[in-house]
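Visitor: Let me give you the structure first, and then I'll get to my questions.
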Amino acid sequence: MTAAPGAMSEPDATRVQQEPAERQDFLREIVQQDLAEGRIQQVVTRFPPEPNGYLHIGHAKSICLNFGIARQYGGQCNLRMDDTNPTKEDVEYVDSITTDVKWLIDGWADHCLGLKPVGGVARVQQVNGAEDFHLPGVMPAEAAVCPDVALEPFYASDYFEPLYRYALQLIEKGKAFVCDHTPAEVDEMRGAPDRPGQESRYRDRSVEENLDLFQRMRAGEFPDGARTLRAKIDMGAPNVWLRDPVLYRIRHASHHHTGDDWCIYPMYDFAHGLSDYIEGITHSICTLEFEVHRPLYEWILEALDLPRVHPRQREFARLNVTYTIMSKRKLLRLVQEGHVRGWDDPRMPTISGMRRRGYPAEAVRAFCDRIGVAKRENMVELGLLEHFVRDDLNRRAPRAMAVLRPLRLVLENYPEGQVEEFETVNNPEDAGAGTRKVPFSRVLYIERDDFREVPPPKYHRLSPGVEVRLRSAYLVTCTDVVKDPDTGEVVEVRATYDPATRGGDTPDGRKVKATIHWVSAAHAVDAEVRLYDTLFTVENPDDVPEGQDFTATLNPASLEVLRGCKLEPSLAEAAPGARYQFERLGYFCVDAEDSRPGALVFNRTVTLKDAWAKIEKKQGTAPRP
RNA sequence: UGGGGCGUAGCCAAGCGGUAAGGCAGCGGGUUUUGGUCCCGCGAUGCGUAGGUUCGAAUCCUGCCGCCCCAGCCA
């Protein structure tokens, strides 16, 4: 059928429709539905790490999810320290967590997504004769338009008093009791998944006695472990988390945030849901292993008869990445046992490690967005993360020439003492990046990999008799090699240049198969360059033979330090953290910790894709180790 | 063998009863003063499996198989 010219105009409106920045997933569906049905007016999420370690790429997924949903639906996301266990936590961790979260979402959120608790501490209110607590005016639209507010995390430990009062209410309702059984006894009496537990003989204490005992627990009258506060639910429940779970334990320990104010501390299940409630969280998103806790989460909120909208807990599958581990405990071991130089070692999957290595926050976010959110167990290939790092850096990183493993190249027909400057483009992907000048002279350094005395098949680079282009400079032809008389190693390559090819153009239109990078020996600046490989040699370091642990698969060659690398002179004043593409090699950034003026250290962020390496591997012609 | 989840390509992941999106990886080709980038092309007659319902099933039902999580006074 023939379409009339004017009849095609109606799709225009749909054509301009923008695809949403975030892709759809089952959690966003739930949020949308709650919004649509009016169950909530504004979405409030939270990212609740325990400050007992550094954040890693798995947390990044959760941060992107929680902050991403808040951003997408015009809501709020709170960074909350889930700090209810004083013996494991430290301010070092709250500081690093805060820094890392800010770094990850910086420039993404055009406002202060719920990082600041505007109202301060929780406030009390009378509702139906009982006390209720919430954070007044947490976020606020004002904060959203005020980019200057200090970004401060929330703390579950700021709610210890309200939490304590809720516990009292639970006791008054006859839904919690003080139990004197020892940890071993409680263990014994819990039963097993397929066998019901046994009720505590303290289960039927009077409300008065429970109140008295619990208050005395708080007053510090009992030693650690002597008593606990337990929920009175059902020792026969098939879900073991419903078998009268412990709500409070005694710990005479200083807390990083509350000091010595408390000697009883709430357990996760009690503190978490109520902290969510206090903050007005609408969607409490966590990982799959908490799915079995959900009935308890809901039981607590319902048992207390809380008047405001209850938060909803929903679960998603945690991220796993090949060649790495995600457990904080194991990462801690890597640090403590000295397998890495610290939490921010560029080989670590931590956010601080990735930052130091040069991964842009935008790339990490793009990765988190791409992997999606679902409930099935997954193991994402490291290559995907690297893809987004390259994709981002390719567009943004200025190019530079750097020779990592220098080999002298002497141009026999180039006048001794002569220096030329060539103008070269800073970033072919970004016309606005401008150009710079690179000095050229008779003695240069080229990459050892770019010369082979006997070239294998398909080798396009320099070898005797072959002509290649020196990027932005001249075409040169190899005439000879100089070898170390003892070892036979090639220590210098001799060549001639064609003066007619100035700038790299060929007036006669002839082609060369390779363009290689170079640095003028007399002008080069020296640097240390650190090359990184995966920390582990196997895709799943957790999946290791019986009797061994994950350290068995540590990669002994995960770090290679190169000294005496030769960089083009423009790099002399590279700023800490600055990222470059060293042409034909990869992306590198100035190490922000170890670089000093006059002593540059670069980290290799990621290599460029290397088609030649692939060919060579297939051919089996790769050189020495 | 109790309870809770999950099975779509090598790795992620859409799909929500109307005839298998997309990305990464891989392979082939083109452009190229980075063996980079960019561009073009190629992959499931099939959705763990066996039945059933239906005009029609990855989507609904049933059985089976497989994998993950839960018995901390950790989170």
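Residues in the structure tokens are named by chain (A, B, ... in the order shown) and by number from 1 within that chain; ligands are numbered from 1 in the order shown.
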Write out as a PyMOL selection string each polymer residue whose atoms come within 12 Å of C6 (chain B), counting only C-alpha atoms (C1' of nucleotides); drop sequence neighbours fewer than 4 positions from it.
Guide: (chain A and resi 288+316-317+374-378) or (chain B and resi 48+66-69)
Visitor: Do a neighbour search on region 24-30 of chain B at 12 Å with only C-alpha atoms (C1' of nucleotides), toss out local chain neighbours closer than 6 positions, and write the hits as a PyMOL selection string.
Guide: (chain A and resi 367+370-371+380-388+614) or (chain B and resi 9-13+38-43)
Visitor: What lies within 9 Å of Glu50 (chain A) using only C-alpha atoms (C1' of nucleotides), ignoring chain neighbours under 6 positions off, as JSON, numbers by chain?
Guide: {"A": [80, 81, 82, 83, 84, 85, 88, 89, 93, 94], "B": [75]}
Visitor: Please produce an output containing all heavy atoms for each residue in the selection, written as a short mmCIF file (atom, residue, chain, number, x, y, z; two decimals), in the first residue's frame.
Guide:
```
data_model
loop_
_atom_site.label_atom_id
_atom_site.label_comp_id
_atom_site.auth_asym_id
_atom_site.auth_seq_id
_atom_site.Cartn_x
_atom_site.Cartn_y
_atom_site.Cartn_z
N ARG A 80 22.65 5.34 56.16
CA ARG A 80 22.54 5.09 57.59
C ARG A 80 23.54 4.05 58.06
O ARG A 80 23.63 2.96 57.52
CB ARG A 80 21.13 4.60 57.95
CG ARG A 80 20.99 4.30 59.45
CD ARG A 80 19.55 4.03 59.84
NE ARG A 80 19.14 2.70 59.48
CZ ARG A 80 17.99 2.40 58.88
NH1 ARG A 80 17.16 3.35 58.52
NH2 ARG A 80 17.69 1.15 58.62
N MET A 81 24.29 4.41 59.07
CA MET A 81 25.21 3.46 59.68
C MET A 81 24.38 2.48 60.51
O MET A 81 23.66 2.89 61.42
CB MET A 81 26.20 4.18 60.59
CG MET A 81 27.06 5.19 59.86
SD MET A 81 28.05 4.41 58.55
CE MET A 81 28.25 5.80 57.44
N ASP A 82 24.46 1.22 60.18
CA ASP A 82 23.71 0.21 60.91
C ASP A 82 24.61 -0.28 62.04
O ASP A 82 25.15 -1.38 62.00
CB ASP A 82 23.33 -0.92 59.97
CG ASP A 82 22.04 -1.60 60.38
OD1 ASP A 82 21.46 -1.18 61.39
OD2 ASP A 82 21.64 -2.54 59.70
N ASP A 83 24.77 0.59 63.01
CA ASP A 83 25.82 0.37 64.01
C ASP A 83 25.29 -0.08 65.36
O ASP A 83 25.34 0.65 66.33
CB ASP A 83 26.65 1.65 64.17
CG ASP A 83 25.79 2.87 64.48
OD1 ASP A 83 24.55 2.75 64.45
OD2 ASP A 83 26.37 3.93 64.77
N THR A 84 24.81 -1.30 65.42
CA THR A 84 24.23 -1.81 66.65
C THR A 84 25.13 -2.81 67.36
O THR A 84 24.75 -3.35 68.39
CB THR A 84 22.88 -2.50 66.36
OG1 THR A 84 23.09 -3.53 65.39
CG2 THR A 84 21.88 -1.50 65.82
N ASN A 85 26.31 -3.04 66.80
CA ASN A 85 27.23 -3.97 67.45
C ASN A 85 28.57 -3.29 67.70
O ASN A 85 29.43 -3.25 66.82
CB ASN A 85 27.41 -5.21 66.58
CG ASN A 85 28.29 -6.24 67.25
OD1 ASN A 85 28.87 -6.00 68.32
ND2 ASN A 85 28.39 -7.41 66.64
N LYS A 88 32.37 -4.49 66.76
CA LYS A 88 32.91 -4.70 65.42
C LYS A 88 33.11 -3.42 64.63
O LYS A 88 33.62 -3.45 63.52
CB LYS A 88 31.95 -5.60 64.62
CG LYS A 88 31.86 -7.00 65.14
CD LYS A 88 31.11 -7.87 64.15
CE LYS A 88 31.26 -9.34 64.52
NZ LYS A 88 30.51 -10.20 63.60
N GLU A 89 32.66 -2.33 65.21
CA GLU A 89 32.57 -1.13 64.38
C GLU A 89 33.58 -0.06 64.78
O GLU A 89 34.12 -0.08 65.87
CB GLU A 89 31.13 -0.59 64.48
CG GLU A 89 30.13 -1.63 63.97
CD GLU A 89 28.75 -1.52 64.58
OE1 GLU A 89 28.51 -0.56 65.35
OE2 GLU A 89 27.91 -2.39 64.30
N TYR A 93 35.71 3.28 59.67
CA TYR A 93 34.80 2.77 58.66
C TYR A 93 33.67 3.73 58.35
O TYR A 93 33.26 3.85 57.20
CB TYR A 93 34.25 1.41 59.09
CG TYR A 93 35.35 0.38 59.31
CD1 TYR A 93 35.49 -0.28 60.53
CD2 TYR A 93 36.26 0.10 58.30
CE1 TYR A 93 36.50 -1.21 60.73
CE2 TYR A 93 37.27 -0.83 58.48
CZ TYR A 93 37.39 -1.49 59.71
OH TYR A 93 38.39 -2.40 59.90
N VAL A 94 33.15 4.43 59.37
CA VAL A 94 32.08 5.37 59.00
C VAL A 94 32.64 6.47 58.11
O VAL A 94 31.97 6.91 57.18
CB VAL A 94 31.23 5.91 60.20
CG1 VAL A 94 31.47 5.17 61.50
CG2 VAL A 94 31.32 7.38 60.34
P A B 75 23.82 -7.21 65.19
OP1 A B 75 23.89 -6.03 66.06
OP2 A B 75 22.67 -8.13 65.27
"O5'" A B 75 23.93 -6.75 63.68
"C5'" A B 75 24.99 -5.89 63.25
"C4'" A B 75 25.05 -5.94 61.75
"O4'" A B 75 25.33 -7.30 61.33
"C3'" A B 75 23.74 -5.61 61.05
"O3'" A B 75 23.57 -4.21 60.89
"C2'" A B 75 23.91 -6.33 59.72
"O2'" A B 75 24.73 -5.59 58.84
"C1'" A B 75 24.63 -7.60 60.14
N9 A B 75 23.71 -8.71 60.40
C8 A B 75 23.01 -8.97 61.55
N7 A B 75 22.24 -10.04 61.47
C5 A B 75 22.45 -10.51 60.18
C6 A B 75 21.92 -11.60 59.48
N6 A B 75 21.04 -12.47 60.00
N1 A B 75 22.34 -11.79 58.20
C2 A B 75 23.21 -10.93 57.68
N3 A B 75 23.78 -9.85 58.25
C4 A B 75 23.35 -9.70 59.51
#
```
Visitor: Do you have the CA of Pro428 (chain A)-CA of Thr477 (chain A) distance handy?
Guide: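 Calculated distance between CA of Pro428 (chain A) and CA of Thr477 (chain A) is 26.4 Å.
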Visitor: Which residues, written as a tab-separated table (two decimals) with all heavy atoms, in the first residue's frame, have at least one atom at most 12 Å from C65 (chain B), with only C-alpha atoms (C1' of nucleotides) counted and residues fewer than 6 positions away on the same chain left out?
Guide:
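Wrote around03.tsv, looks like this:
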```
chain	number	residue	atom	x	y	z
B	7	G	P	13.91	-17.17	38.19
B	7	G	OP1	13.79	-15.99	37.32
B	7	G	OP2	12.78	-18.10	38.36
B	7	G	O5'	15.16	-18.02	37.77
B	7	G	C5'	15.25	-18.53	36.48
B	7	G	C4'	16.43	-19.46	36.39
B	7	G	O4'	16.40	-20.40	37.49
B	7	G	C3'	16.37	-20.28	35.12
B	7	G	O3'	17.65	-20.45	34.56
B	7	G	C2'	15.74	-21.59	35.56
B	7	G	O2'	16.27	-22.69	34.82
B	7	G	C1'	16.18	-21.70	37.03
B	7	G	N9	15.13	-22.35	37.83
B	7	G	C8	14.10	-21.76	38.52
B	7	G	N7	13.34	-22.62	39.16
B	7	G	C5	13.91	-23.85	38.88
B	7	G	C6	13.53	-25.15	39.28
B	7	G	O6	12.60	-25.48	40.00
B	7	G	N1	14.38	-26.12	38.75
B	7	G	C2	15.46	-25.86	37.95
B	7	G	N2	16.16	-26.93	37.53
B	7	G	N3	15.83	-24.66	37.55
B	7	G	C4	15.02	-23.70	38.06
B	48	G	P	13.32	-22.55	31.77
B	48	G	OP1	11.89	-22.92	31.76
B	48	G	OP2	13.84	-21.55	32.73
B	48	G	O5'	14.16	-23.90	31.94
B	48	G	C5'	15.52	-23.95	31.52
B	48	G	C4'	16.08	-25.30	31.90
B	48	G	O4'	16.15	-25.36	33.35
B	48	G	C3'	15.16	-26.46	31.49
B	48	G	O3'	15.49	-26.92	30.20
B	48	G	C2'	15.47	-27.50	32.56
B	48	G	O2'	16.67	-28.20	32.26
B	48	G	C1'	15.70	-26.62	33.80
B	48	G	N9	14.50	-26.41	34.59
B	48	G	C8	13.90	-25.22	34.87
B	48	G	N7	12.83	-25.34	35.62
B	48	G	C5	12.72	-26.70	35.85
B	48	G	C6	11.77	-27.43	36.59
B	48	G	O6	10.80	-27.02	37.22
B	48	G	N1	12.03	-28.80	36.56
B	48	G	C2	13.08	-29.39	35.90
B	48	G	N2	13.16	-30.70	35.99
B	48	G	N3	13.98	-28.71	35.19
B	48	G	C4	13.74	-27.38	35.22
B	49	U	P	14.35	-27.43	29.23
B	49	U	OP1	14.99	-27.80	27.96
B	49	U	OP2	13.23	-26.45	29.24
B	49	U	O5'	13.83	-28.75	29.95
B	49	U	C5'	14.67	-29.89	30.04
B	49	U	C4'	13.95	-30.97	30.81
B	49	U	O4'	13.73	-30.51	32.18
B	49	U	C3'	12.55	-31.29	30.31
B	49	U	O3'	12.60	-32.23	29.24
B	49	U	C2'	11.87	-31.86	31.55
B	49	U	O2'	12.23	-33.20	31.77
B	49	U	C1'	12.48	-30.98	32.64
B	49	U	N1	11.64	-29.82	33.00
B	49	U	C2	10.56	-30.05	33.83
B	49	U	O2	10.28	-31.15	34.26
B	49	U	N3	9.83	-28.94	34.15
B	49	U	C4	10.07	-27.64	33.74
B	49	U	O4	9.32	-26.74	34.13
B	49	U	C5	11.19	-27.49	32.86
B	49	U	C6	11.92	-28.55	32.53
B	50	A	P	11.41	-32.27	28.15
B	50	A	OP1	11.87	-33.14	27.05
B	50	A	OP2	10.93	-30.91	27.88
B	50	A	O5'	10.26	-33.04	28.96
B	50	A	C5'	10.47	-34.39	29.37
B	50	A	C4'	9.26	-34.87	30.13
B	50	A	O4'	9.21	-34.19	31.42
B	50	A	C3'	7.92	-34.52	29.49
B	50	A	O3'	7.57	-35.44	28.48
B	50	A	C2'	6.98	-34.57	30.70
B	50	A	O2'	6.65	-35.91	31.04
B	50	A	C1'	7.86	-33.98	31.79
B	50	A	N9	7.64	-32.54	31.96
B	50	A	C8	8.28	-31.50	31.35
B	50	A	N7	7.86	-30.31	31.73
B	50	A	C5	6.86	-30.59	32.64
B	50	A	C6	6.01	-29.78	33.41
B	50	A	N6	6.05	-28.45	33.38
B	50	A	N1	5.13	-30.37	34.24
B	50	A	C2	5.10	-31.73	34.27
B	50	A	N3	5.84	-32.60	33.61
B	50	A	C4	6.72	-31.96	32.80
```
Visitor: Just want the 8 Å neighbourhood of G2 (chain B), counted on only C-alpha atoms (C1' of nucleotides), with same-chain residues fewer than 6 positions away dropped. Output as a ChimeraX atom specification.
Guide: /A:193-195,238
Visitor: For region 306-314 of chain A, list every protein, DNA or RNA residue within 6 Å, evaluated using only C-alpha atoms (C1' of nucleotides), and leave out those in the same chain fewer than 5 positions away; present the list as a ChimeraX atom specification.
Guide: /A:281-285
Visitor: Find, counting only C-alpha atoms, the residue in A:His134, A:Arg405, A:Arg46, A:His59 that gets nearest to Cys368 (chain A).
Guide: A:His59
Visitor: Would you mind writing down, as a PyMOL selection string, each residue of region 463-564 of chain A that DSSP on the backbone assigns to strand (DSSP E)?
Guide: chain A and resi 467-470+475-483+490-497+515-516+518-520+525-532+559-564
Visitor: Can you pull out every residue from region 518-575 of chain A that DSSP, working from the backbone, puts in helix (DSSP H, G or I), and format the result as a ChimeraX atom specification?
Guide: /A:550-553,569-573
Visitor: Next, the residues of the selection above should be written as an mmCIF file, in the first residue's frame with C-alpha atoms.
Guide:
```
data_model
loop_
_atom_site.group_PDB
_atom_site.id
_atom_site.type_symbol
_atom_site.label_atom_id
_atom_site.label_comp_id
_atom_site.auth_asym_id
_atom_site.auth_seq_id
_atom_site.Cartn_x
_atom_site.Cartn_y
_atom_site.Cartn_z
ATOM 1 C CA PHE A 550 40.405 -18.487 49.082
ATOM 2 C CA THR A 551 43.990 -17.348 49.601
ATOM 3 C CA ALA A 552 45.114 -20.480 47.774
ATOM 4 C CA THR A 553 44.116 -18.916 44.466
ATOM 5 C CA PRO A 569 57.343 15.781 29.119
ATOM 6 C CA SER A 570 53.809 17.197 29.283
ATOM 7 C CA LEU A 571 53.096 14.578 31.937
ATOM 8 C CA ALA A 572 55.630 16.085 34.331
ATOM 9 C CA GLU A 573 53.013 18.169 36.035
#
```
Visitor: I need the residue nearest chain B from this list: A:Pro162, A:Pro464, A:Gly53, A:Gly372. Use only C-alpha atoms (C1' of nucleotides) for the distance.
Guide: A:Gly372
Visitor: I'd like the contact shell of Cys64 (chain A) - 9 Å cut-off, only C-alpha atoms (C1' of nucleotides), skipping same-chain residues fewer than 6 positions apart - returned as a VMD selection string.
Guide: chain A and resid 104 to 105 365 368 to 369
Visitor: Go ahead and dump the residues you just picked, N, CA and C atoms, as a compact mmCIF listing (two decimals), in the first residue's frame.
Guide:
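The resulting file, part-v2.txt, is reproduced below:
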```
# COMPACT_ATOMS: atom_id res chain seq x y z
N LEU A 104 30.72 8.11 44.95
CA LEU A 104 29.98 7.34 43.95
C LEU A 104 28.79 8.10 43.38
N ILE A 105 28.07 8.81 44.20
CA ILE A 105 26.88 9.47 43.67
C ILE A 105 27.11 10.94 43.35
N ARG A 365 28.78 3.40 38.03
CA ARG A 365 27.32 3.54 38.00
C ARG A 365 26.73 2.94 36.74
N CYS A 368 26.60 -0.71 37.24
CA CYS A 368 25.52 -1.12 38.15
C CYS A 368 24.17 -1.04 37.45
N ASP A 369 24.03 -0.05 36.60
CA ASP A 369 22.78 0.10 35.89
C ASP A 369 22.61 -1.04 34.89
```
Visitor: Just the number, please: distance in Å from CA of Ala231 (chain A) to CA of Asp244 (chain A), one decimal.
Guide: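 CA of Ala231 (chain A) sits 4.9 Å away from CA of Asp244 (chain A).
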